[in-house]
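Asker: Dropping the structure in here first, questions after.
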Amino acid sequence: MLCRLGGRWLRPPPVLQVGTRVPQRVPALTGCIKRSALPVWAVASVSAVTPGGAGGWYEALATSAPVHSAEEMLLGVHTATGLPWWGSILLTTVALRGSVTLPLAAYQHYILAKVENLQPEIKNIARHLNQEVALRANQLGWSKRVARLTYLKNMRRLVSELYIRDNCHPFKATVLVWIQLPMWIFMSVALRNFSTGAAHAEAGFSVQEQLATGGVLWFPDLTSLDSTWILPISIGVINLLIVEIFALQKIGMSRFQMYVTYFVRAVSVLMIPVAATVPSSIVLYWLCSSFMGLSQNLLLRSPRFRQLCRIPLTKGDSETPYKDLFAAFYAKFISRK
């Protein structure tokens, strides 16, 4: 219904029925929200996301059973030992590295040593098979393509039989990666849940509050970033040392091995800025894990430890591995002109 007022037609407001809700404007609470010291992406998982959203995969990972088990293990170590959180993280890392990855690394070296000792026999088989295939190709008039395919097919079969005979298929040497990488991810996500407040409370105090005062030295707050960059740079240096030790151990690397080495070097350098954008609790775990990895690599070069683990002797083994490593390092990085 229209009404006339001052020469203008006006429409009256709509009549509301009983029970109708009147929409109201909600003021923006811009000044009441406390900004986090972490980057936006570092705390994004705390808020709920839809299953089909961009963060759905991470939400599923952060609430998964393996991550929950990692959280319970960290809490158990912290409760049982009474150590501050930096000590609990360090002790947990050492225990995992010593009880899980060290035996797997020794097994990896065991498999690789057996594969290396098979190389003379494999070369001998390859030489005889090449002669036999060439003789058959001349007798039966095979083309070069047919002869090549016949050689490769039989060579794969014979090498596979050798691996089965000595129980040393190279794929077994990758078990360490399939265990260590998921463990590293689960522990990192568990610490991130603690640092961002996504984990449950303990004894009335949230783990996040405990981590805020559970640091040491220049990083007393394990939930904040390391503004000094000491921890991130230390991670990069240790990871590069691990890569260089591996590179110095290999003589006459293939092109593929060189590409892999360059790629791992790049990842080691890239980890520095990445580590500077995550809570110090995660960076501390990464640093402890990398340091244990470096110690593990040096330990597995010891002839006595290799003998203790029953790793077969190879042609490339040395009685003075540490002296040889220092000499190679000095020649490559210090005395190079």
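In the structure tokens, chains take letters A, B, ... by order of appearance, with residues numbered from 1 within each chain and ligands from 1 in the order shown.
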Set the distance at 9 Å and use only C-alpha atoms: which residues neighbour A:Thr314 once local chain neighbours fewer than 3 positions away are removed? I'd like the list as JSON, numbers by chain.
Answerer: {"A": [113, 114, 116, 117, 317]}
Asker: Using only all heavy atoms, please write the residues we just selected to a file, as a PDB file, in the first residue's frame.
Answerer:
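The file below, part.pdb, is the result:
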```pdb
ATOM      1  N   ALA A 113      76.170 -53.312   1.034  1.00  0.00           N
ATOM      2  CA  ALA A 113      77.469 -53.981   1.001  1.00  0.00           C
ATOM      3  C   ALA A 113      77.384 -55.298   0.233  1.00  0.00           C
ATOM      4  O   ALA A 113      78.275 -55.634  -0.561  1.00  0.00           O
ATOM      5  CB  ALA A 113      77.979 -54.213   2.415  1.00  0.00           C
ATOM      6  N   LYS A 114      76.318 -56.054   0.433  1.00  0.00           N
ATOM      7  CA  LYS A 114      76.146 -57.308  -0.285  1.00  0.00           C
ATOM      8  C   LYS A 114      75.939 -57.061  -1.776  1.00  0.00           C
ATOM      9  O   LYS A 114      76.454 -57.806  -2.626  1.00  0.00           O
ATOM     10  CB  LYS A 114      74.972 -58.098   0.297  1.00  0.00           C
ATOM     11  CG  LYS A 114      75.172 -58.521   1.742  1.00  0.00           C
ATOM     12  CD  LYS A 114      74.048 -59.403   2.246  1.00  0.00           C
ATOM     13  CE  LYS A 114      74.154 -60.803   1.660  1.00  0.00           C
ATOM     14  NZ  LYS A 114      73.190 -61.734   2.291  1.00  0.00           N
ATOM     15  N   GLU A 116      77.124 -54.487  -3.419  1.00  0.00           N
ATOM     16  CA  GLU A 116      78.423 -54.062  -3.953  1.00  0.00           C
ATOM     17  C   GLU A 116      79.347 -55.254  -4.176  1.00  0.00           C
ATOM     18  O   GLU A 116      80.084 -55.301  -5.168  1.00  0.00           O
ATOM     19  CB  GLU A 116      79.068 -53.072  -2.986  1.00  0.00           C
ATOM     20  CG  GLU A 116      80.387 -52.505  -3.479  1.00  0.00           C
ATOM     21  CD  GLU A 116      80.976 -51.474  -2.556  1.00  0.00           C
ATOM     22  OE1 GLU A 116      80.248 -51.012  -1.639  1.00  0.00           O
ATOM     23  OE2 GLU A 116      82.165 -51.131  -2.729  1.00  0.00           O
ATOM     24  N   ASN A 117      79.307 -56.232  -3.285  1.00  0.00           N
ATOM     25  CA  ASN A 117      80.153 -57.414  -3.447  1.00  0.00           C
ATOM     26  C   ASN A 117      79.710 -58.299  -4.606  1.00  0.00           C
ATOM     27  O   ASN A 117      80.483 -59.144  -5.067  1.00  0.00           O
ATOM     28  CB  ASN A 117      80.168 -58.226  -2.152  1.00  0.00           C
ATOM     29  CG  ASN A 117      80.933 -57.535  -1.039  1.00  0.00           C
ATOM     30  OD1 ASN A 117      81.820 -56.713  -1.295  1.00  0.00           O
ATOM     31  ND2 ASN A 117      80.598 -57.844   0.202  1.00  0.00           N
ATOM     32  N   ASP A 317      86.006 -50.377   1.543  1.00  0.00           N
ATOM     33  CA  ASP A 317      86.156 -50.127   2.972  1.00  0.00           C
ATOM     34  C   ASP A 317      87.590 -49.735   3.317  1.00  0.00           C
ATOM     35  O   ASP A 317      88.546 -50.215   2.698  1.00  0.00           O
ATOM     36  CB  ASP A 317      85.754 -51.358   3.779  1.00  0.00           C
ATOM     37  CG  ASP A 317      84.249 -51.560   3.805  1.00  0.00           C
ATOM     38  OD1 ASP A 317      83.536 -50.620   3.420  1.00  0.00           O
ATOM     39  OD2 ASP A 317      83.800 -52.663   4.173  1.00  0.00           O
TER      40      ASP A 317
END
```
Asker: Would you mind listing, for every residue of stretch 137-188 of chain A within 10 Å of stretch 83-96 of chain A, the two atoms forming the shortest contact and the distance between them in Å to one decimal, using only C-alpha atoms, sorted by chain and ascending residue number, as a tab-separated table?
Answerer:
```
residue	atom	partner	partner_atom	distance
A:Gln180	CA	A:Leu96	CA	9.6
A:Met183	CA	A:Leu96	CA	9.0
A:Trp184	CA	A:Thr93	CA	9.7
A:Met187	CA	A:Thr93	CA	9.2
```
Asker: I need the chosen residues saved as a PDB file, in the first residue's frame, with N, CA, C and O atoms.
Answerer:
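Contents of out_34.pdb, freshly written:
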```pdb
ATOM      1  N   GLN A 180      61.557 -43.586   8.188  1.00  0.00           N
ATOM      2  CA  GLN A 180      62.068 -42.348   8.777  1.00  0.00           C
ATOM      3  C   GLN A 180      61.268 -41.130   8.337  1.00  0.00           C
ATOM      4  O   GLN A 180      60.970 -40.254   9.161  1.00  0.00           O
ATOM      5  N   MET A 183      57.830 -40.865  10.071  1.00  0.00           N
ATOM      6  CA  MET A 183      58.056 -40.578  11.486  1.00  0.00           C
ATOM      7  C   MET A 183      58.420 -39.105  11.680  1.00  0.00           C
ATOM      8  O   MET A 183      57.934 -38.454  12.612  1.00  0.00           O
ATOM      9  N   TRP A 184      59.248 -38.572  10.796  1.00  0.00           N
ATOM     10  CA  TRP A 184      59.646 -37.163  10.859  1.00  0.00           C
ATOM     11  C   TRP A 184      58.431 -36.262  10.667  1.00  0.00           C
ATOM     12  O   TRP A 184      58.271 -35.247  11.363  1.00  0.00           O
ATOM     13  N   MET A 187      55.999 -36.504  13.856  1.00  0.00           N
ATOM     14  CA  MET A 187      56.544 -35.784  15.002  1.00  0.00           C
ATOM     15  C   MET A 187      56.457 -34.272  14.786  1.00  0.00           C
ATOM     16  O   MET A 187      56.140 -33.516  15.716  1.00  0.00           O
TER      17      MET A 187
END
```
Asker: Could you list, with a cut-off of 9 Å and counting only C-alpha atoms, the residues of stretch 121-197 of chain A near stretch 209-221 of chain A, each shown with its nearest atom pair and the distance in Å rounded to one decimal, rows sorted by chain and ascending number, as JSON lines?
Answerer:
```
{"residue": "A:Phe194", "atom": "CA", "partner": "A:Leu211", "partner_atom": "CA", "distance": 7.8}
{"residue": "A:Ser195", "atom": "CA", "partner": "A:Leu211", "partner_atom": "CA", "distance": 6.9}
{"residue": "A:Gly197", "atom": "CA", "partner": "A:Glu209", "partner_atom": "CA", "distance": 8.3}
```
Asker: Next, dump the selected residues to file, keeping only N, CA, C and O atoms, as an mmCIF file, in the first residue's frame.
Answerer:
```
data_model
loop_
_atom_site.group_PDB
_atom_site.id
_atom_site.type_symbol
_atom_site.label_atom_id
_atom_site.label_comp_id
_atom_site.auth_asym_id
_atom_site.auth_seq_id
_atom_site.Cartn_x
_atom_site.Cartn_y
_atom_site.Cartn_z
ATOM 1 N N PHE A 194 50.957 -28.930 19.309
ATOM 2 C CA PHE A 194 51.250 -28.430 20.648
ATOM 3 C C PHE A 194 51.486 -26.922 20.628
ATOM 4 O O PHE A 194 50.983 -26.186 21.479
ATOM 5 N N SER A 195 52.272 -26.465 19.673
ATOM 6 C CA SER A 195 52.701 -25.060 19.647
ATOM 7 C C SER A 195 51.579 -24.107 19.281
ATOM 8 O O SER A 195 51.598 -22.934 19.670
ATOM 9 N N GLY A 197 48.329 -24.722 19.982
ATOM 10 C CA GLY A 197 47.191 -24.881 20.870
ATOM 11 C C GLY A 197 46.135 -25.838 20.385
ATOM 12 O O GLY A 197 45.025 -25.863 20.919
#
```
Asker: Which residues in stretch 100-328 of chain A does DSSP call helix (DSSP H, G or I)? List them as a PyMOL selection string.
Answerer: chain A and resi 100-117+119-140+144-166+170-196+207-212+230-249+255-275+280-299+303-308+321-328
Asker: Nearest to A:Ala65 among A:Val189, A:Val260, A:Thr174, A:Leu248, with distances taken over only C-alpha atoms: which residue is it?
Answerer: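 Checking each of A:Val189, A:Val260, A:Thr174, A:Leu248 against A:Ala65, counting only C-alpha atoms, the winner is A:Val189.
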Asker: Please measure the separation of atom CA of A:Ile235 and atom CA of A:Leu287, giving the value in Å to one decimal.
Answerer: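 The value is 5.2 Å.
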Asker: Just want the 9 Å neighbourhood of A:Leu225, counted on only C-alpha atoms, with same-chain residues fewer than 6 positions away dropped. Output as a PyMOL selection string.
Answerer: chain A and resi 37-38+219+275-281+283
Asker: Determine, counting only C-alpha atoms, which protein, DNA and RNA residues have an atom within 9 Å of an atom of A:Pro321; residues of the same chain fewer than 5 positions away are not included. Present the result as a PyMOL selection string.
Answerer: chain A and resi 301-303+326
Asker: Mind writing the picked residues with N, CA, C and O atoms as a PDB file, in the first residue's frame?
Answerer:
```pdb
ATOM      1  N   ARG A 301      80.523 -45.567   9.608  1.00  0.00           N
ATOM      2  CA  ARG A 301      81.796 -45.668   8.902  1.00  0.00           C
ATOM      3  C   ARG A 301      82.864 -46.368   9.732  1.00  0.00           C
ATOM      4  O   ARG A 301      83.943 -46.688   9.217  1.00  0.00           O
ATOM      5  N   SER A 302      82.574 -46.585  11.003  1.00  0.00           N
ATOM      6  CA  SER A 302      83.535 -47.225  11.890  1.00  0.00           C
ATOM      7  C   SER A 302      83.667 -48.709  11.568  1.00  0.00           C
ATOM      8  O   SER A 302      82.647 -49.428  11.531  1.00  0.00           O
ATOM      9  N   PRO A 303      84.876 -49.218  11.336  1.00  0.00           N
ATOM     10  CA  PRO A 303      85.049 -50.654  11.046  1.00  0.00           C
ATOM     11  C   PRO A 303      84.561 -51.551  12.186  1.00  0.00           C
ATOM     12  O   PRO A 303      83.978 -52.608  11.936  1.00  0.00           O
ATOM     13  N   PHE A 326      88.556 -36.822   6.566  1.00  0.00           N
ATOM     14  CA  PHE A 326      89.111 -35.499   6.841  1.00  0.00           C
ATOM     15  C   PHE A 326      90.050 -35.067   5.716  1.00  0.00           C
ATOM     16  O   PHE A 326      90.040 -33.899   5.297  1.00  0.00           O
TER      17      PHE A 326
END
```
Asker: Just the number, please: distance in Å from atom CA of A:Leu176 to atom CA of A:Tyr322, one decimal.
Answerer: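 According to the coordinates, atom CA of A:Leu176 and atom CA of A:Tyr322 are separated by 23.9 Å.
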Asker: Measure the distance from atom CA of A:Phe186 to atom CA of A:Val67 in Å and round it to one decimal.
Answerer: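 Here the two named atoms are 5.0 Å from each other.
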Asker: Applying 12 Å and only C-alpha atoms, which residues near A:Arg156 remain after dropping the ones on its own chain fewer than 6 positions away? List them as a VMD selection string.
Answerer: chain A and resid 122 125 to 126 129 149 to 150 162 to 163
Asker: Output as a PyMOL selection string all residues of stretch 67-256 of chain A that backbone DSSP marks as strand (DSSP E or B).
Answerer: chain A and resi 201-202+205-206+216+219
